[in-house]
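Pasting protein.json here (JSON, C-alpha atoms):
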[["chain", "number", "residue", "atom", "x", "y", "z"],
["N", 195, "MET", "CA", -14.89, -17.60, -33.31],
["N", 196, "LYS", "CA", -11.37, -18.65, -32.37],
["N", 197, "PRO", "CA", -11.14, -20.58, -29.09],
["N", 198, "ASP", "CA", -8.64, -18.12, -27.52],
["N", 199, "VAL", "CA", -10.87, -15.14, -28.37],
["N", 200, "LEU", "CA", -13.85, -16.98, -26.91],
["N", 201, "GLU", "CA", -11.88, -17.78, -23.77],
["N", 202, "ARG", "CA", -10.90, -14.11, -23.32],
["N", 203, "LEU", "CA", -14.52, -13.07, -23.69],
["N", 204, "LEU", "CA", -15.59, -15.71, -21.18],
["N", 205, "MET", "CA", -12.93, -14.52, -18.73],
["N", 206, "ASP", "CA", -14.02, -10.89, -19.06],
["N", 207, "SER", "CA", -17.62, -11.97, -18.65],
["N", 208, "ALA", "CA", -16.79, -13.94, -15.49],
["N", 209, "LEU", "CA", -14.87, -10.95, -14.14],
["N", 210, "GLY", "CA", -17.88, -8.74, -14.85],
["N", 211, "ARG", "CA", -16.13, -6.47, -17.30],
["N", 212, "LEU", "CA", -17.77, -7.30, -20.61],
["N", 213, "ASP", "CA", -19.78, -4.63, -22.46],
["N", 214, "PRO", "CA", -23.53, -5.34, -22.26],
["N", 215, "ASP", "CA", -23.82, -5.54, -26.05],
["N", 216, "VAL", "CA", -21.02, -8.07, -26.28],
["N", 217, "GLU", "CA", -22.55, -9.94, -23.36],
["N", 218, "VAL", "CA", -25.78, -10.40, -25.34],
["N", 219, "LEU", "CA", -23.88, -11.66, -28.37],
["N", 220, "LEU", "CA", -21.89, -14.05, -26.18],
["N", 221, "ALA", "CA", -25.06, -15.39, -24.57],
["N", 222, "ASP", "CA", -26.44, -16.12, -28.04],
["N", 223, "ARG", "CA", -23.20, -17.90, -28.92],
["N", 224, "LEU", "CA", -23.24, -19.96, -25.72],
["N", 225, "ALA", "CA", -26.84, -21.03, -26.29],
["N", 226, "GLY", "CA", -25.72, -22.96, -29.35],
["N", 227, "ASP", "CA", -22.41, -24.25, -27.91],
["N", 228, "PRO", "CA", -22.75, -26.50, -24.83],
["N", 229, "ALA", "CA", -18.98, -26.95, -24.46],
["N", 230, "ALA", "CA", -18.41, -23.19, -24.34],
["N", 231, "ALA", "CA", -21.39, -22.82, -21.99],
["N", 232, "ALA", "CA", -19.81, -25.37, -19.62],
["N", 233, "GLN", "CA", -16.51, -23.50, -19.80],
["N", 234, "ALA", "CA", -18.32, -20.25, -19.02],
["N", 235, "LYS", "CA", -20.03, -21.86, -16.04],
["N", 236, "GLU", "CA", -16.75, -23.20, -14.72],
["N", 237, "LEU", "CA", -15.07, -19.77, -14.99],
["N", 238, "GLN", "CA", -18.03, -18.10, -13.28],
["N", 239, "SER", "CA", -17.73, -20.62, -10.47],
["N", 240, "VAL", "CA", -13.97, -20.04, -10.06],
["N", 241, "VAL", "CA", -14.37, -16.25, -9.98],
["N", 242, "SER", "CA", -17.31, -16.48, -7.59],
["N", 243, "LEU", "CA", -15.34, -18.71, -5.22],
["N", 244, "ALA", "CA", -12.30, -16.42, -5.41],
["N", 245, "THR", "CA", -14.51, -13.42, -4.69],
["N", 246, "GLN", "CA", -15.90, -15.13, -1.58],
["N", 247, "VAL", "CA", -12.36, -15.80, -0.33],
["N", 248, "ILE", "CA", -11.05, -12.35, -1.12],
["N", 249, "ARG", "CA", -14.00, -10.46, 0.35],
["N", 250, "THR", "CA", -13.41, -11.50, 3.93],
["N", 251, "PRO", "CA", -14.81, -8.88, 6.30],
["N", 252, "SER", "CA", -12.28, -6.54, 7.84],
["N", 253, "PRO", "CA", -12.58, -5.29, 11.43],
["N", 254, "ALA", "CA", -15.29, -2.67, 11.77],
["N", 255, "VAL", "CA", -14.00, 0.71, 12.85],
["N", 256, "GLU", "CA", -15.68, 4.02, 13.51],
["N", 257, "LEU", "CA", -14.02, 6.47, 11.16],
["N", 258, "PRO", "CA", -14.24, 10.19, 11.84],
["N", 259, "ARG", "CA", -17.04, 11.66, 9.70],
["N", 260, "GLN", "CA", -15.29, 14.85, 8.81],
["N", 261, "ILE", "CA", -11.89, 15.49, 7.42],
["N", 262, "ARG", "CA", -11.73, 19.14, 8.48],
["N", 263, "PRO", "CA", -9.16, 18.52, 11.25],
["N", 264, "LEU", "CA", -6.85, 17.08, 8.59],
["N", 265, "ILE", "CA", -7.22, 20.18, 6.44],
["N", 266, "TRP", "CA", -6.49, 22.33, 9.48],
["N", 267, "ARG", "CA", -3.51, 20.15, 10.28],
["N", 268, "HIS", "CA", -2.18, 20.72, 6.78],
["N", 269, "ARG", "CA", -2.70, 24.49, 7.11],
["N", 270, "ALA", "CA", -1.00, 24.43, 10.50],
["N", 271, "GLU", "CA", 1.91, 22.56, 8.90],
["N", 272, "GLN", "CA", 2.17, 25.22, 6.20],
["N", 273, "VAL", "CA", 2.08, 28.04, 8.78],
["N", 274, "LEU", "CA", 4.69, 26.28, 10.91],
["N", 275, "ALA", "CA", 6.89, 25.73, 7.87],
["N", 276, "LEU", "CA", 6.63, 29.42, 7.01],
["N", 277, "ALA", "CA", 7.35, 30.43, 10.59],
["N", 278, "ALA", "CA", 10.33, 28.08, 10.73],
["N", 279, "SER", "CA", 11.69, 29.50, 7.46],
["N", 280, "PHE", "CA", 11.24, 33.03, 8.80],
["N", 281, "VAL", "CA", 13.04, 32.20, 12.06],
["N", 282, "VAL", "CA", 15.88, 30.47, 10.23],
["N", 283, "GLY", "CA", 16.17, 33.38, 7.78],
["N", 284, "MET", "CA", 16.22, 35.96, 10.57],
["N", 285, "SER", "CA", 18.79, 33.93, 12.51],
["N", 286, "VAL", "CA", 21.07, 33.69, 9.50],
["N", 287, "ALA", "CA", 20.68, 37.42, 8.82],
["N", 288, "ALA", "CA", 21.41, 38.24, 12.47],
["N", 289, "LEU", "CA", 24.50, 36.01, 12.43],
["N", 290, "VAL", "CA", 25.79, 37.61, 9.24],
["N", 291, "PHE", "CA", 25.11, 41.10, 10.59],
["N", 292, "HIS", "CA", 26.77, 40.28, 13.89],
["N", 293, "ALA", "CA", 29.81, 38.79, 12.15],
["N", 294, "ASN", "CA", 30.17, 41.90, 9.94],
["N", 295, "PHE", "CA", 29.73, 44.22, 12.92],
["N", 296, "ARG", "CA", 32.41, 42.40, 14.88],
["N", 297, "ARG", "CA", 34.78, 42.47, 11.94],
["N", 298, "GLU", "CA", 34.33, 46.23, 11.61],
["N", 299, "ASN", "CA", 34.84, 46.73, 15.34],
["N", 300, "VAL", "CA", 37.98, 44.63, 15.35],
["N", 301, "ALA", "CA", 39.32, 46.59, 12.40],
["N", 302, "ALA", "CA", 38.52, 49.92, 14.09],
["N", 303, "SER", "CA", 39.98, 48.93, 17.45],
["N", 304, "SER", "CA", 43.10, 47.49, 15.86],
["N", 305, "ALA", "CA", 43.50, 50.77, 14.00],
["N", 306, "LEU", "CA", 43.30, 52.56, 17.34],
["N", 307, "THR", "CA", 45.61, 50.26, 19.23],
["N", 308, "THR", "CA", 48.76, 50.05, 17.18],
["N", 309, "PRO", "CA", 49.73, 53.04, 15.04],
["N", 310, "ASN", "CA", 47.23, 55.57, 16.47],
["N", 311, "LEU", "CA", 48.24, 54.95, 20.03],
["N", 312, "LEU", "CA", 51.86, 55.57, 19.05],
["N", 313, "VAL", "CA", 50.87, 58.89, 17.49],
["N", 314, "VAL", "CA", 48.87, 59.84, 20.59],
["N", 315, "ALA", "CA", 51.73, 58.91, 22.90],
["N", 316, "THR", "CA", 54.27, 60.81, 20.81],
["N", 317, "THR", "CA", 52.11, 63.93, 20.67],
["N", 318, "ARG", "CA", 51.50, 63.77, 24.40],
["N", 319, "THR", "CA", 55.21, 63.41, 25.16],
["N", 320, "ALA", "CA", 56.00, 66.39, 22.96],
["N", 321, "LEU", "CA", 53.39, 68.54, 24.72],
["N", 322, "VAL", "CA", 54.62, 67.57, 28.19],
["N", 323, "SER", "CA", 58.25, 68.29, 27.34],
["N", 324, "HIS", "CA", 57.27, 71.64, 25.85],
["N", 325, "LYS", "CA", 55.32, 72.58, 28.98],
["N", 326, "LEU", "CA", 58.14, 71.44, 31.25],
["N", 327, "GLU", "CA", 60.62, 73.63, 29.45],
["N", 328, "SER", "CA", 58.37, 76.64, 29.83],
["N", 329, "LEU", "CA", 57.98, 76.25, 33.62],
["N", 330, "PRO", "CA", 60.48, 77.39, 36.28],
["N", 331, "PHE", "CA", 62.68, 74.48, 37.45],
["N", 332, "TRP", "CA", 61.45, 74.26, 41.08],
["N", 333, "SER", "CA", 57.87, 75.25, 40.49],
["N", 334, "ASN", "CA", 55.11, 73.09, 42.03],
["N", 335, "GLN", "CA", 53.34, 72.85, 38.71],
["N", 336, "ARG", "CA", 56.44, 71.39, 37.09],
["N", 337, "VAL", "CA", 56.80, 68.78, 39.86],
["N", 338, "TYR", "CA", 53.11, 67.74, 39.55],
["N", 339, "LEU", "CA", 53.42, 67.53, 35.80],
["N", 340, "LEU", "CA", 56.51, 65.38, 36.08],
["N", 341, "ALA", "CA", 54.85, 63.10, 38.63],
["N", 342, "ALA", "CA", 51.75, 62.70, 36.46],
["N", 343, "ALA", "CA", 53.77, 62.02, 33.33],
["N", 344, "THR", "CA", 55.88, 59.41, 35.13],
["N", 345, "SER", "CA", 52.85, 57.53, 36.46],
["N", 346, "SER", "CA", 50.90, 57.48, 33.15],
["N", 347, "THR", "CA", 53.37, 56.96, 30.37],
["N", 348, "GLY", "CA", 56.40, 55.54, 32.15],
["N", 349, "ALA", "CA", 59.03, 55.15, 29.48],
["N", 350, "ASP", "CA", 57.91, 58.17, 27.46],
["N", 351, "SER", "CA", 58.23, 60.44, 30.47],
["N", 352, "LYS", "CA", 61.64, 59.09, 31.20],
["N", 353, "GLU", "CA", 62.59, 60.13, 27.72],
["N", 354, "VAL", "CA", 61.18, 63.61, 28.48],
["N", 355, "LEU", "CA", 63.16, 63.82, 31.73],
["N", 356, "LYS", "CA", 66.35, 63.02, 29.94],
["D", 257, "MET", "CA", -18.18, 24.68, -8.63],
["D", 258, "GLN", "CA", -17.00, 22.85, -5.52],
["D", 259, "SER", "CA", -14.06, 24.11, -3.51],
["D", 260, "ALA", "CA", -11.12, 21.78, -2.93],
["D", 261, "SER", "CA", -12.03, 21.20, 0.70],
["D", 262, "GLU", "CA", -15.66, 20.36, -0.19],
["D", 263, "LEU", "CA", -14.45, 17.94, -2.83],
["D", 264, "ILE", "CA", -12.06, 16.28, -0.40],
["D", 265, "ASP", "CA", -14.85, 16.08, 2.16],
["D", 266, "ARG", "CA", -17.08, 14.38, -0.39],
["D", 267, "TRP", "CA", -14.39, 11.92, -1.46],
["D", 268, "TYR", "CA", -13.66, 11.15, 2.15],
["D", 269, "GLY", "CA", -17.34, 10.41, 2.79],
["D", 270, "GLN", "CA", -17.58, 8.19, -0.28],
["D", 271, "HIS", "CA", -14.31, 6.28, -0.16],
["D", 272, "ALA", "CA", -12.78, 6.40, 3.34],
["D", 273, "GLY", "CA", -14.54, 3.20, 4.39],
["D", 274, "GLU", "CA", -13.36, 1.07, 1.49],
["D", 275, "LEU", "CA", -9.88, 2.56, 1.63],
["D", 276, "TYR", "CA", -9.73, 1.73, 5.30],
["D", 277, "ASN", "CA", -10.79, -1.87, 4.59],
["D", 278, "TYR", "CA", -8.15, -2.14, 1.90],
["D", 279, "LEU", "CA", -5.48, -0.84, 4.28],
["D", 280, "ALA", "CA", -6.71, -2.78, 7.32],
["D", 281, "LYS", "CA", -6.33, -6.09, 5.51],
["D", 282, "ARG", "CA", -2.75, -5.27, 4.73],
["D", 283, "CYS", "CA", -1.65, -3.80, 8.04],
["D", 284, "PRO", "CA", -0.69, -5.68, 11.20],
["D", 285, "ASP", "CA", -3.11, -3.63, 13.31],
["D", 286, "ALA", "CA", -6.07, -1.27, 13.04],
["D", 287, "ALA", "CA", -4.10, 1.71, 14.37],
["D", 288, "THR", "CA", -1.58, 1.49, 11.52],
["D", 289, "ALA", "CA", -4.42, 1.26, 9.01],
["D", 290, "GLY", "CA", -6.01, 4.37, 10.55],
["D", 291, "ASP", "CA", -2.70, 6.22, 10.40],
["D", 292, "LEU", "CA", -2.21, 5.26, 6.77],
["D", 293, "LEU", "CA", -5.73, 6.37, 5.90],
["D", 294, "GLN", "CA", -4.98, 9.71, 7.51],
["D", 295, "GLU", "CA", -1.69, 9.95, 5.61],
["D", 296, "THR", "CA", -3.56, 9.14, 2.40],
["D", 297, "PHE", "CA", -6.00, 12.01, 2.85],
["D", 298, "LEU", "CA", -3.28, 14.32, 4.10],
["D", 299, "GLN", "CA", -1.53, 13.64, 0.80],
["D", 300, "VAL", "CA", -4.79, 14.48, -0.99],
["D", 301, "VAL", "CA", -4.98, 17.77, 0.92],
["D", 302, "ARG", "CA", -1.36, 18.52, 0.00],
["D", 303, "GLN", "CA", -2.21, 17.99, -3.66],
["D", 304, "SER", "CA", -5.44, 19.97, -3.46],
["D", 305, "ASP", "CA", -4.33, 22.24, -6.31],
["D", 306, "GLN", "CA", -4.39, 19.23, -8.68],
["D", 307, "LEU", "CA", -7.84, 17.92, -7.78],
["D", 308, "ALA", "CA", -9.49, 19.42, -10.84],
["D", 309, "SER", "CA", -7.35, 17.24, -13.10],
["D", 310, "VAL", "CA", -8.25, 13.99, -11.32],
["D", 311, "THR", "CA", -10.47, 12.02, -13.68],
["D", 312, "MET", "CA", -10.82, 8.82, -11.64],
["D", 313, "PRO", "CA", -10.95, 9.86, -7.99],
["D", 314, "ARG", "CA", -11.50, 6.37, -6.64],
["D", 315, "ALA", "CA", -8.53, 4.93, -8.51],
["D", 316, "TRP", "CA", -6.44, 7.97, -7.60],
["D", 317, "LEU", "CA", -7.22, 7.50, -3.91],
["D", 318, "PHE", "CA", -6.42, 3.80, -4.07],
["D", 319, "ALA", "CA", -3.15, 4.59, -5.80],
["D", 320, "ILE", "CA", -2.21, 7.02, -3.01],
["D", 321, "ALA", "CA", -3.26, 4.53, -0.32],
["D", 322, "ARG", "CA", -1.21, 1.83, -2.00],
["D", 323, "ASN", "CA", 1.82, 4.13, -2.15],
["D", 324, "MET", "CA", 1.39, 4.94, 1.54],
["D", 325, "LEU", "CA", 1.26, 1.24, 2.32],
["D", 326, "ALA", "CA", 4.38, 0.57, 0.25],
["D", 327, "ARG", "CA", 6.17, 3.46, 1.97],
["D", 328, "HIS", "CA", 5.15, 2.11, 5.35],
["D", 329, "TYR", "CA", 6.68, -1.29, 4.60],
["D", 330, "ARG", "CA", 9.78, 0.31, 3.13],
["D", 331, "ARG", "CA", 10.25, 2.25, 6.35],
["D", 332, "GLN", "CA", 9.83, -0.96, 8.31],
["D", 333, "ARG", "CA", 12.46, -2.47, 6.01],
["D", 334, "ASP", "CA", 9.93, -5.18, 5.22],
["D", 335, "PRO", "CA", 10.07, -6.24, 1.57],
["D", 336, "GLN", "CA", 6.66, -7.93, 1.93],
["D", 337, "PRO", "CA", 4.53, -7.56, -1.22],
["D", 338, "ILE", "CA", 1.44, -5.50, -0.47],
["D", 339, "ALA", "CA", -0.99, -8.32, -1.23],
["D", 340, "GLN", "CA", 0.86, -10.80, 0.95],
["D", 341, "LEU", "CA", -0.03, -10.01, 4.52],
["D", 342, "TRP", "CA", -3.73, -10.46, 4.87],
["D", 343, "TYR", "CA", -3.83, -13.73, 2.91],
["D", 344, "GLU", "CA", -1.32, -15.16, 5.33],
["D", 345, "SER", "CA", -3.25, -14.06, 8.38],
["D", 346, "ALA", "CA", -6.75, -14.79, 7.02],
["D", 347, "PRO", "CA", -8.50, -17.58, 8.94],
["D", 348, "ASP", "CA", -9.05, -20.88, 7.13],
["D", 349, "PRO", "CA", -12.59, -21.09, 5.80],
["D", 350, "LYS", "CA", -14.72, -24.02, 6.99],
["D", 351, "ASP", "CA", -15.79, -24.95, 3.46],
["D", 352, "ASP", "CA", -13.26, -27.25, 1.74],
["D", 353, "ARG", "CA", -13.68, -25.55, -1.62],
["D", 354, "LEU", "CA", -13.14, -22.14, -0.09],
["D", 355, "ALA", "CA", -10.09, -23.43, 1.78],
["D", 356, "ALA", "CA", -8.74, -24.84, -1.47],
["D", 357, "MET", "CA", -9.37, -21.55, -3.23],
["D", 358, "GLN", "CA", -7.64, -19.60, -0.46],
["D", 359, "GLU", "CA", -4.62, -21.85, -0.76],
["D", 360, "SER", "CA", -4.61, -21.40, -4.54],
["D", 361, "ILE", "CA", -4.85, -17.62, -4.25],
["D", 362, "GLN", "CA", -1.97, -17.60, -1.77],
["D", 363, "LYS", "CA", 0.16, -19.39, -4.33],
["D", 364, "LEU", "CA", -0.49, -16.90, -7.08],
["D", 365, "PRO", "CA", 2.41, -14.58, -7.92],
["D", 366, "ALA", "CA", 2.06, -11.33, -5.94],
["D", 367, "GLU", "CA", 1.33, -9.12, -8.95],
["D", 368, "LEU", "CA", -1.49, -11.42, -10.14],
["D", 369, "ARG", "CA", -2.94, -11.59, -6.64],
["D", 370, "ASP", "CA", -2.76, -7.83, -6.20],
["D", 371, "THR", "CA", -4.52, -7.24, -9.52],
["D", 372, "LEU", "CA", -7.17, -9.87, -8.81],
["D", 373, "ASP", "CA", -7.78, -8.38, -5.40],
["D", 374, "LEU", "CA", -8.34, -4.88, -6.82],
["D", 375, "ARG", "CA", -10.87, -6.33, -9.24],
["D", 376, "LEU", "CA", -12.76, -8.76, -7.01],
["D", 377, "GLU", "CA", -12.61, -7.04, -3.67],
["D", 378, "GLN", "CA", -12.55, -3.37, -4.56],
["D", 379, "GLU", "CA", -14.47, -3.87, -7.80],
["D", 380, "LEU", "CA", -12.26, -1.44, -9.67],
["D", 381, "SER", "CA", -12.61, -1.36, -13.45],
["D", 382, "TYR", "CA", -9.70, -2.39, -15.66],
["D", 383, "GLU", "CA", -8.92, 1.28, -16.30],
["D", 384, "GLU", "CA", -8.94, 2.07, -12.61],
["D", 385, "ILE", "CA", -6.68, -0.89, -11.82],
["D", 386, "ALA", "CA", -4.32, 0.26, -14.56],
["D", 387, "HIS", "CA", -4.24, 3.68, -12.93],
["D", 388, "VAL", "CA", -3.66, 2.28, -9.43],
["D", 389, "LEU", "CA", -0.87, -0.08, -10.49],
["D", 390, "ASP", "CA", 0.49, 2.28, -13.13],
["D", 391, "ILE", "CA", 0.44, -0.36, -15.85],
["D", 392, "PRO", "CA", -1.31, -0.56, -19.26],
["D", 393, "ILE", "CA", -4.91, -1.84, -19.42],
["D", 394, "GLY", "CA", -3.77, -4.75, -21.59],
["D", 395, "THR", "CA", -1.45, -5.86, -18.80],
["D", 396, "VAL", "CA", -4.30, -5.65, -16.30],
["D", 397, "ARG", "CA", -6.47, -7.83, -18.51],
["D", 398, "SER", "CA", -3.74, -10.40, -19.14],
["D", 399, "ARG", "CA", -2.86, -10.53, -15.42],
["D", 400, "LEU", "CA", -6.49, -11.12, -14.50],
["D", 401, "HIS", "CA", -6.91, -13.77, -17.18],
["D", 402, "ASN", "CA", -3.72, -15.50, -16.05],
["D", 403, "ALA", "CA", -4.87, -15.43, -12.45],
["D", 404, "VAL", "CA", -8.27, -16.92, -13.29],
["D", 405, "ARG", "CA", -6.65, -19.51, -15.54],
["D", 406, "GLN", "CA", -4.24, -20.56, -12.78],
["D", 407, "LEU", "CA", -7.03, -20.73, -10.22],
["D", 408, "ARG", "CA", -9.14, -22.82, -12.54],
["D", 409, "GLY", "CA", -6.22, -25.18, -13.09],
["D", 410, "ALA", "CA", -5.60, -25.49, -9.37],
["D", 411, "MET", "CA", -9.26, -26.21, -8.65],
["D", 412, "ARG", "CA", -9.37, -28.82, -11.39],
["D", 413, "ASN", "CA", -6.22, -30.56, -10.20],
["D", 414, "PRO", "CA", -5.96, -30.49, -6.42],
["D", 415, "GLU", "CA", -2.42, -31.92, -6.55],
["D", 416, "GLU", "CA", -1.29, -28.61, -8.09],
["D", 417, "ARG", "CA", -2.10, -26.95, -4.78],
["D", 418, "THR", "CA", 0.08, -29.19, -2.65],
["D", 419, "PRO", "CA", 3.56, -27.73, -2.26]]
Please express what this file holds, its structure, as structure tokens.
Amino acid sequence: MKPDVLERLLMDSALGRLDPDVEVLLADRLAGDPAAAAQAKELQSVVSLATQVIRTPSPAVELPRQIRPLIWRHRAEQVLALAASFVVGMSVAALVFHANFRRENVAASSALTTPNLLVVATTRTALVSHKLESLPFWSNQRVYLLAAATSSTGADSKEVLK
Amino acid sequence: MQSASELIDRWYGQHAGELYNYLAKRCPDAATAGDLLQETFLQVVRQSDQLASVTMPRAWLFAIARNMLARHYRRQRDPQPIAQLWYESAPDPKDDRLAAMQESIQKLPAELRDTLDLRLEQELSYEEIAHVLDIPIGTVRSRLHNAVRQLRGAMRNPEERTP
């Protein structure tokens, strides 16, 4: 057997990871080879010493016996994540809806304010002037109508009066 | 067939103690070790749909615990190798040979020390260590052989241990 192969086997044996069958064969080999047996003993001693150093006791702690709370915590996390997604989704939808609604309202009110109001005012002025013409000059009704038209539309009524 | 939560319960019963010991030796305090153990099993619960494909549960759990530990030190911005801390804080043994061995182990490169620790302390097989460290089995074997060789050299020649 080559020395490096023997050394590898001795190392694995010292580390406790040699197959039992190979272990038996190695023991037979070592029985007839004192130098290799000494090497094996030395490696066993090194590994045993290292094991003693590495296996220092750690502080004793009482661990919880069950892990159920952790599973519940995970489920709670999932539920919370779902709830958070739902809330965020609803908020975004509400924002989008609100923004669209406002845009429509602004469009509708702007449509009312500028050209439509002009049409309304013009129509109203025409009606008032028509009514005025049909009434007797000094009638009370004509005076009231004139007063009302002056207070509400101002400039338009002045046009009518002219 | 066991449900995922029963399986996790069983694994917790079997391995929580040794995982805690592994973490406790590498954490500055017991509370952090407890937190990391909890994080480890929380991660297991999160991956409960993959439990059926886990062939080496012990190695898998150690791998998760090790990742949690690494993440913890990354968050602390501490580049400390995982195997470093507890060797530094371990008390000096009374026996001269043990003290010499402790010194020699401290001087091993971190990856050799980490591998040796998983073998000698946790008694993981070569395959399990390969799984935990995510390296080939041949690398595990050569790291362990190198570590033992270096320790043997240091114990033979005490002057190798002096800095």
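Closest approach to chain N from the set D:Gln306, D:Gln332, D:Thr395, D:Gln406 is made by D:Gln406, with distances taken over all atoms listed in the file.
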task: Give me, please, the distance in Å between atom CA of D:Ala403 and atom CA of D:Leu368, quoted to one decimal.
output: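 Rounded to one decimal, the two atoms are 5.7 Å apart.
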query: Which chain D residues are at most 8 Å from chain N (counting all atoms listed in the file), as a ChimeraX atom specification?
result: /D:261,264-265,268-269,272-273,277,280-281,286,294,297-298,301-302,353-354,357-358,361,373,375-377,381-382,401,404,407-408,411
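Note that the spacing between atom CA of N:Ala230 and atom CA of D:Ile393 amounts to 25.7 Å.
Atom CA of N:Leu339 to atom CA of N:Ala320 spans 13.1 Å [interatomic distance, one decimal].
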Using the file's own x, y and z axes, so that the box edges lie along x, y and z, what centre and edge lengths in Å (one decimal) does a box around every listed atom of stretch 299-304 of chain D get when 4 Å is added on each side? Give it as lines of an AutoDock Vina configuration file.
center_x = -3.4
center_y = 16.8
center_z = -1.4
size_x = 12.1
size_y = 14.3
size_z = 12.6
